[in-house]
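Student: Supplied structure: target-v9.json, JSON, N, CA, C and O atoms.
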[["chain", "number", "residue", "atom", "x", "y", "z"],
["A", 181, "MET", "N", -10.18, 14.49, -25.45],
["A", 181, "MET", "CA", -11.22, 14.20, -24.48],
["A", 181, "MET", "C", -11.25, 12.72, -24.11],
["A", 181, "MET", "O", -11.31, 12.39, -22.96],
["A", 182, "LYS", "N", -11.21, 11.85, -25.10],
["A", 182, "LYS", "CA", -11.26, 10.42, -24.82],
["A", 182, "LYS", "C", -10.02, 9.97, -24.07],
["A", 182, "LYS", "O", -10.09, 9.11, -23.21],
["A", 183, "ASP", "N", -8.85, 10.56, -24.40],
["A", 183, "ASP", "CA", -7.62, 10.20, -23.70],
["A", 183, "ASP", "C", -7.69, 10.60, -22.24],
["A", 183, "ASP", "O", -7.18, 9.89, -21.37],
["A", 184, "GLU", "N", -8.29, 11.73, -21.91],
["A", 184, "GLU", "CA", -8.40, 12.17, -20.52],
["A", 184, "GLU", "C", -9.20, 11.17, -19.71],
["A", 184, "GLU", "O", -8.85, 10.86, -18.57],
["A", 185, "LYS", "N", -10.29, 10.67, -20.25],
["A", 185, "LYS", "CA", -11.12, 9.69, -19.54],
["A", 185, "LYS", "C", -10.36, 8.38, -19.35],
["A", 185, "LYS", "O", -10.43, 7.76, -18.29],
["A", 186, "ARG", "N", -9.62, 7.98, -20.35],
["A", 186, "ARG", "CA", -8.89, 6.73, -20.27],
["A", 186, "ARG", "C", -7.81, 6.79, -19.18],
["A", 186, "ARG", "O", -7.64, 5.86, -18.41],
["A", 187, "PHE", "N", -7.10, 7.90, -19.09],
["A", 187, "PHE", "CA", -6.03, 8.02, -18.11],
["A", 187, "PHE", "C", -6.55, 8.34, -16.71],
["A", 187, "PHE", "O", -5.85, 8.13, -15.74],
["A", 188, "SER", "N", -7.75, 8.82, -16.58],
["A", 188, "SER", "CA", -8.28, 9.11, -15.25],
["A", 188, "SER", "C", -8.62, 7.83, -14.50],
["A", 188, "SER", "O", -8.76, 7.83, -13.29],
["A", 189, "VAL", "N", -8.73, 6.71, -15.20],
["A", 189, "VAL", "CA", -9.02, 5.42, -14.58],
["A", 189, "VAL", "C", -7.76, 4.82, -13.96],
["A", 189, "VAL", "O", -7.82, 4.09, -12.99],
["A", 190, "ILE", "N", -6.60, 5.16, -14.51],
["A", 190, "ILE", "CA", -5.33, 4.62, -14.01],
["A", 190, "ILE", "C", -4.97, 5.33, -12.71],
["A", 190, "ILE", "O", -4.88, 6.56, -12.66],
["A", 191, "LYS", "N", -4.76, 4.55, -11.66],
["A", 191, "LYS", "CA", -4.41, 5.13, -10.35],
["A", 191, "LYS", "C", -2.94, 5.53, -10.34],
["A", 191, "LYS", "O", -2.10, 4.89, -10.97],
["A", 192, "ARG", "N", -2.64, 6.57, -9.57],
["A", 192, "ARG", "CA", -1.26, 7.03, -9.42],
["A", 192, "ARG", "C", -0.51, 6.12, -8.45],
["A", 192, "ARG", "O", -1.07, 5.61, -7.50],
["A", 193, "LYS", "N", 0.77, 5.95, -8.71],
["A", 193, "LYS", "CA", 1.62, 5.15, -7.83],
["A", 193, "LYS", "C", 2.08, 5.99, -6.65],
["A", 193, "LYS", "O", 2.08, 7.21, -6.70],
["A", 194, "GLN", "N", 2.52, 5.30, -5.62],
["A", 194, "GLN", "CA", 3.11, 5.99, -4.47],
["A", 194, "GLN", "C", 4.44, 6.59, -4.92],
["A", 194, "GLN", "O", 5.21, 5.93, -5.62],
["A", 195, "PRO", "N", 4.75, 7.82, -4.51],
["A", 195, "PRO", "CA", 6.03, 8.40, -4.91],
["A", 195, "PRO", "C", 7.19, 7.78, -4.15],
["A", 195, "PRO", "O", 7.04, 7.31, -3.02],
["A", 196, "GLY", "N", 8.36, 7.75, -4.76],
["A", 196, "GLY", "CA", 9.56, 7.27, -4.10],
["A", 196, "GLY", "C", 9.72, 5.76, -4.16],
["A", 196, "GLY", "O", 8.89, 5.05, -4.70],
["A", 197, "ARG", "N", 10.82, 5.32, -3.60],
["A", 197, "ARG", "CA", 11.13, 3.89, -3.58],
["A", 197, "ARG", "C", 10.54, 3.24, -2.35],
["A", 197, "ARG", "O", 10.38, 3.88, -1.32],
["A", 198, "PRO", "N", 10.27, 1.95, -2.41],
["A", 198, "PRO", "CA", 9.81, 1.26, -1.21],
["A", 198, "PRO", "C", 10.94, 1.14, -0.19],
["A", 198, "PRO", "O", 12.12, 1.05, -0.56],
["A", 199, "VAL", "N", 10.62, 1.15, 1.05],
["A", 199, "VAL", "CA", 11.61, 1.12, 2.13],
["A", 199, "VAL", "C", 11.98, -0.32, 2.43],
["A", 199, "VAL", "O", 11.12, -1.15, 2.70],
["A", 200, "LYS", "N", 13.28, -0.63, 2.36],
["A", 200, "LYS", "CA", 13.75, -1.96, 2.70],
["A", 200, "LYS", "C", 14.01, -2.09, 4.20],
["A", 200, "LYS", "O", 13.72, -3.11, 4.80],
["A", 201, "VAL", "N", 14.57, -1.04, 4.79],
["A", 201, "VAL", "CA", 14.85, -1.02, 6.22],
["A", 201, "VAL", "C", 14.15, 0.20, 6.80],
["A", 201, "VAL", "O", 14.48, 1.33, 6.45],
["A", 202, "PRO", "N", 13.17, 0.00, 7.68],
["A", 202, "PRO", "CA", 12.46, 1.15, 8.24],
["A", 202, "PRO", "C", 13.38, 1.99, 9.13],
["A", 202, "PRO", "O", 14.32, 1.47, 9.75],
["A", 203, "ARG", "N", 13.11, 3.28, 9.17],
["A", 203, "ARG", "CA", 13.91, 4.20, 9.99],
["A", 203, "ARG", "C", 13.66, 3.90, 11.46],
["A", 203, "ARG", "O", 12.52, 3.76, 11.89],
["A", 204, "PRO", "N", 14.72, 3.77, 12.28],
["A", 204, "PRO", "CA", 14.53, 3.48, 13.70],
["A", 204, "PRO", "C", 13.95, 4.69, 14.43],
["A", 204, "PRO", "O", 14.04, 5.82, 13.94],
["A", 205, "PRO", "N", 13.34, 4.47, 15.59],
["A", 205, "PRO", "CA", 12.81, 5.60, 16.36],
["A", 205, "PRO", "C", 13.92, 6.58, 16.72],
["A", 205, "PRO", "O", 15.08, 6.19, 16.93],
["A", 206, "VAL", "N", 13.56, 7.84, 16.83],
["A", 206, "VAL", "CA", 14.56, 8.88, 17.08],
["A", 206, "VAL", "C", 15.28, 8.67, 18.41],
["A", 206, "VAL", "O", 16.49, 8.91, 18.52],
["A", 207, "GLU", "N", 14.58, 8.21, 19.43],
["A", 207, "GLU", "CA", 15.20, 8.01, 20.74],
["A", 207, "GLU", "C", 16.28, 6.93, 20.67],
["A", 207, "GLU", "O", 17.37, 7.08, 21.23],
["A", 208, "GLU", "N", 15.97, 5.84, 19.98],
["A", 208, "GLU", "CA", 16.92, 4.74, 19.85],
["A", 208, "GLU", "C", 18.15, 5.18, 19.05],
["A", 208, "GLU", "O", 19.29, 4.92, 19.45],
["A", 209, "LEU", "N", 17.92, 5.85, 17.94],
["A", 209, "LEU", "CA", 19.02, 6.30, 17.10],
["A", 209, "LEU", "C", 19.89, 7.32, 17.83],
["A", 209, "LEU", "O", 21.12, 7.25, 17.77],
["A", 210, "ALA", "N", 19.28, 8.22, 18.56],
["A", 210, "ALA", "CA", 20.04, 9.24, 19.30],
["A", 210, "ALA", "C", 20.90, 8.60, 20.38],
["A", 210, "ALA", "O", 22.06, 8.97, 20.57],
["A", 211, "ALA", "N", 20.33, 7.62, 21.10],
["A", 211, "ALA", "CA", 21.09, 6.96, 22.16],
["A", 211, "ALA", "C", 22.29, 6.19, 21.59],
["A", 211, "ALA", "O", 23.38, 6.24, 22.17],
["A", 212, "LEU", "N", 22.10, 5.51, 20.50],
["A", 212, "LEU", "CA", 23.19, 4.76, 19.89],
["A", 212, "LEU", "C", 24.23, 5.69, 19.27],
["A", 212, "LEU", "O", 25.44, 5.41, 19.31],
["A", 213, "TYR", "N", 23.79, 6.81, 18.70],
["A", 213, "TYR", "CA", 24.70, 7.74, 18.03],
["A", 213, "TYR", "C", 25.61, 8.45, 19.03],
["A", 213, "TYR", "O", 26.70, 8.89, 18.67],
["A", 214, "GLU", "N", 25.19, 8.54, 20.27],
["A", 214, "GLU", "CA", 26.05, 9.16, 21.30],
["A", 214, "GLU", "C", 27.30, 8.32, 21.56],
["A", 214, "GLU", "O", 28.35, 8.85, 21.92],
["A", 215, "LYS", "N", 27.18, 7.00, 21.38],
["A", 215, "LYS", "CA", 28.28, 6.10, 21.72],
["A", 215, "LYS", "C", 28.97, 5.47, 20.51],
["A", 215, "LYS", "O", 30.05, 4.90, 20.66],
["A", 216, "HIS", "N", 28.33, 5.53, 19.34],
["A", 216, "HIS", "CA", 28.87, 4.83, 18.18],
["A", 216, "HIS", "C", 28.93, 5.76, 16.97],
["A", 216, "HIS", "O", 28.19, 6.73, 16.88],
["A", 217, "SER", "N", 29.78, 5.40, 16.02],
["A", 217, "SER", "CA", 29.90, 6.18, 14.78],
["A", 217, "SER", "C", 28.80, 5.78, 13.81],
["A", 217, "SER", "O", 28.10, 4.78, 14.00],
["A", 218, "MET", "N", 28.69, 6.55, 12.74],
["A", 218, "MET", "CA", 27.69, 6.23, 11.71],
["A", 218, "MET", "C", 28.01, 4.89, 11.04],
["A", 218, "MET", "O", 27.10, 4.14, 10.71],
["A", 219, "ARG", "N", 29.27, 4.61, 10.86],
["A", 219, "ARG", "CA", 29.66, 3.33, 10.25],
["A", 219, "ARG", "C", 29.26, 2.17, 11.15],
["A", 219, "ARG", "O", 28.77, 1.14, 10.67],
["A", 220, "GLU", "N", 29.48, 2.30, 12.45],
["A", 220, "GLU", "CA", 29.10, 1.25, 13.38],
["A", 220, "GLU", "C", 27.59, 1.06, 13.41],
["A", 220, "GLU", "O", 27.09, -0.07, 13.46],
["A", 221, "LEU", "N", 26.85, 2.15, 13.35],
["A", 221, "LEU", "CA", 25.39, 2.06, 13.31],
["A", 221, "LEU", "C", 24.92, 1.41, 12.01],
["A", 221, "LEU", "O", 23.96, 0.64, 12.01],
["A", 222, "GLY", "N", 25.61, 1.71, 10.92],
["A", 222, "GLY", "CA", 25.28, 1.08, 9.65],
["A", 222, "GLY", "C", 25.46, -0.42, 9.70],
["A", 222, "GLY", "O", 24.62, -1.18, 9.21],
["A", 223, "GLU", "N", 26.53, -0.87, 10.32],
["A", 223, "GLU", "CA", 26.75, -2.31, 10.48],
["A", 223, "GLU", "C", 25.69, -2.91, 11.40],
["A", 223, "GLU", "O", 25.21, -4.02, 11.15],
["A", 224, "TYR", "N", 25.33, -2.19, 12.45],
["A", 224, "TYR", "CA", 24.32, -2.67, 13.40],
["A", 224, "TYR", "C", 22.97, -2.89, 12.72],
["A", 224, "TYR", "O", 22.30, -3.90, 12.94],
["A", 225, "TYR", "N", 22.57, -1.93, 11.89],
["A", 225, "TYR", "CA", 21.27, -2.01, 11.20],
["A", 225, "TYR", "C", 21.35, -2.74, 9.86],
["A", 225, "TYR", "O", 20.33, -2.99, 9.24],
["A", 226, "GLY", "N", 22.56, -3.04, 9.40],
["A", 226, "GLY", "CA", 22.71, -3.72, 8.12],
["A", 226, "GLY", "C", 22.48, -2.81, 6.92],
["A", 226, "GLY", "O", 21.97, -3.25, 5.88],
["A", 227, "VAL", "N", 22.86, -1.54, 7.07],
["A", 227, "VAL", "CA", 22.69, -0.55, 6.00],
["A", 227, "VAL", "C", 24.01, 0.20, 5.82],
["A", 227, "VAL", "O", 24.94, 0.03, 6.60],
["A", 228, "SER", "N", 24.08, 1.06, 4.83],
["A", 228, "SER", "CA", 25.29, 1.87, 4.61],
["A", 228, "SER", "C", 25.32, 3.02, 5.62],
["A", 228, "SER", "O", 24.29, 3.43, 6.15],
["A", 229, "TYR", "N", 26.52, 3.52, 5.86],
["A", 229, "TYR", "CA", 26.64, 4.65, 6.78],
["A", 229, "TYR", "C", 25.96, 5.89, 6.22],
["A", 229, "TYR", "O", 25.47, 6.74, 6.97],
["A", 230, "SER", "N", 25.88, 5.99, 4.88],
["A", 230, "SER", "CA", 25.22, 7.16, 4.29],
["A", 230, "SER", "C", 23.71, 7.15, 4.56],
["A", 230, "SER", "O", 23.10, 8.21, 4.68],
["A", 231, "LEU", "N", 23.11, 5.97, 4.68],
["A", 231, "LEU", "CA", 21.69, 5.90, 5.05],
["A", 231, "LEU", "C", 21.50, 6.33, 6.50],
["A", 231, "LEU", "O", 20.55, 7.05, 6.81],
["A", 232, "VAL", "N", 22.41, 5.94, 7.37],
["A", 232, "VAL", "CA", 22.35, 6.38, 8.77],
["A", 232, "VAL", "C", 22.48, 7.90, 8.82],
["A", 232, "VAL", "O", 21.76, 8.58, 9.56],
["A", 233, "LYS", "N", 23.37, 8.44, 8.01],
["A", 233, "LYS", "CA", 23.55, 9.88, 7.93],
["A", 233, "LYS", "C", 22.26, 10.57, 7.47],
["A", 233, "LYS", "O", 21.87, 11.60, 8.01],
["A", 234, "THR", "N", 21.58, 9.96, 6.51],
["A", 234, "THR", "CA", 20.31, 10.49, 6.01],
["A", 234, "THR", "C", 19.26, 10.48, 7.11],
["A", 234, "THR", "O", 18.49, 11.44, 7.26],
["A", 235, "TRP", "N", 19.20, 9.39, 7.90],
["A", 235, "TRP", "CA", 18.25, 9.32, 9.02],
["A", 235, "TRP", "C", 18.52, 10.45, 10.02],
["A", 235, "TRP", "O", 17.60, 11.10, 10.48],
["A", 236, "ILE", "N", 19.79, 10.65, 10.35],
["A", 236, "ILE", "CA", 20.14, 11.69, 11.33],
["A", 236, "ILE", "C", 19.76, 13.07, 10.81],
["A", 236, "ILE", "O", 19.19, 13.88, 11.53],
["A", 237, "HIS", "N", 20.05, 13.34, 9.55],
["A", 237, "HIS", "CA", 19.67, 14.63, 8.96],
["A", 237, "HIS", "C", 18.15, 14.80, 8.94],
["A", 237, "HIS", "O", 17.65, 15.89, 9.18],
["A", 238, "TYR", "N", 17.45, 13.73, 8.67],
["A", 238, "TYR", "CA", 15.98, 13.78, 8.65],
["A", 238, "TYR", "C", 15.46, 14.20, 10.03],
["A", 238, "TYR", "O", 14.62, 15.09, 10.14],
["A", 239, "TYR", "N", 15.96, 13.55, 11.07],
["A", 239, "TYR", "CA", 15.48, 13.87, 12.43],
["A", 239, "TYR", "C", 15.92, 15.27, 12.87],
["A", 239, "TYR", "O", 15.18, 15.96, 13.57],
["A", 240, "ARG", "N", 17.11, 15.70, 12.46],
["A", 240, "ARG", "CA", 17.55, 17.07, 12.80],
["A", 240, "ARG", "C", 16.65, 18.11, 12.13],
["A", 240, "ARG", "O", 16.31, 19.11, 12.74],
["A", 241, "ASN", "N", 16.26, 17.86, 10.88],
["A", 241, "ASN", "CA", 15.38, 18.80, 10.17],
["A", 241, "ASN", "C", 13.96, 18.81, 10.74],
["A", 241, "ASN", "O", 13.26, 19.80, 10.62],
["A", 242, "GLN", "N", 13.53, 17.70, 11.34],
["A", 242, "GLN", "CA", 12.22, 17.64, 11.96],
["A", 242, "GLN", "C", 12.13, 18.57, 13.16],
["A", 242, "GLN", "O", 11.09, 19.12, 13.45],
["A", 243, "ASN", "N", 13.24, 18.74, 13.86],
["A", 243, "ASN", "CA", 13.26, 19.55, 15.09],
["A", 243, "ASN", "C", 13.39, 21.05, 14.79],
["A", 243, "ASN", "O", 13.17, 21.85, 15.66],
["A", 244, "GLU", "N", 13.78, 21.40, 13.59],
["A", 244, "GLU", "CA", 13.97, 22.83, 13.26],
["A", 244, "GLU", "C", 12.68, 23.49, 12.92],
["A", 244, "GLU", "O", 11.68, 22.99, 12.66]]
Mind turning this structure into structure tokens?
Tutor:
Amino acid sequence: MKDEKRFSVIKRKQPGRPVKVPRPPVEELAALYEKHSMRELGEYYGVSYSLVKTWIHYYRNQNE
């Protein structure tokens, strides 16, 4: 009982990692992706191509 009260005072943290580079708007990303590869977009935003791939998958899943 006493342990439950003690831990109820501690606030929960936000889940996940903090974002270093915010996700670009879908319109901007879509326009650039029509003309450039994921690697080129990664260099443009200063991130890895796998993060660009994650952004694209995120936006594709939003539309489904």
Student: Rounded to one decimal place, report the atom C of Met218 of chain A-atom CA of Val206 of chain A distance in Å.
Tutor: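 Atom CA of Val206 of chain A lies at a distance of 15.3 Å from atom C of Met218 of chain A.
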Student: Have a look at atom O of Tyr225 of chain A and atom CA of Pro205 of chain A and let me know their distance in Å, one decimal.
Tutor: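 Separation of atom O of Tyr225 of chain A and atom CA of Pro205 of chain A: 13.5 Å.
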Student: Would you list the residues near (18.3, 4.8, 10.3) (no more than 5 Å away, in the coordinates of the file, using only N, CA, C and O atoms) as a list in words?
Tutor: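 I get Arg203, Pro204, Leu231, Val232 and Trp235 of chain A for the residues within 5 Å of that point.
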Student: Skipping near chain neighbours, those fewer than 3 positions away, what residues fall within 12 Å of Lys233 of chain A using only C-alpha atoms, listed as a list in words?
Tutor: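 Residues meeting the cut-off are Arg203, Leu209, Ala210, Tyr213, Ser217, Met218, Arg219, Glu220, Leu221, Gly222, Val227, Ser228, Tyr229, Ser230, Ile236, His237, Tyr238, Tyr239 and Arg240 of chain A.
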Student: For the alpha helix (DSSP H) assignment from backbone DSSP, which residues of chain A qualify? Please present them as an MDAnalysis selection string.
Tutor: chainID A and resid 182:188 206:215 218:225 229:243
Student: Distance atom CA of Glu214 of chain A-atom CA of Val199 of chain A, one decimal place?
Tutor: 25.3 Å
Student: Considering only C-alpha atoms, can you say which of A:Lys191, A:Lys200, A:Asn243, A:Ala211 comes closest to Gly226 of chain A?
Tutor: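 Answer, going by the shortest atom-to-atom distance: A:Lys200.
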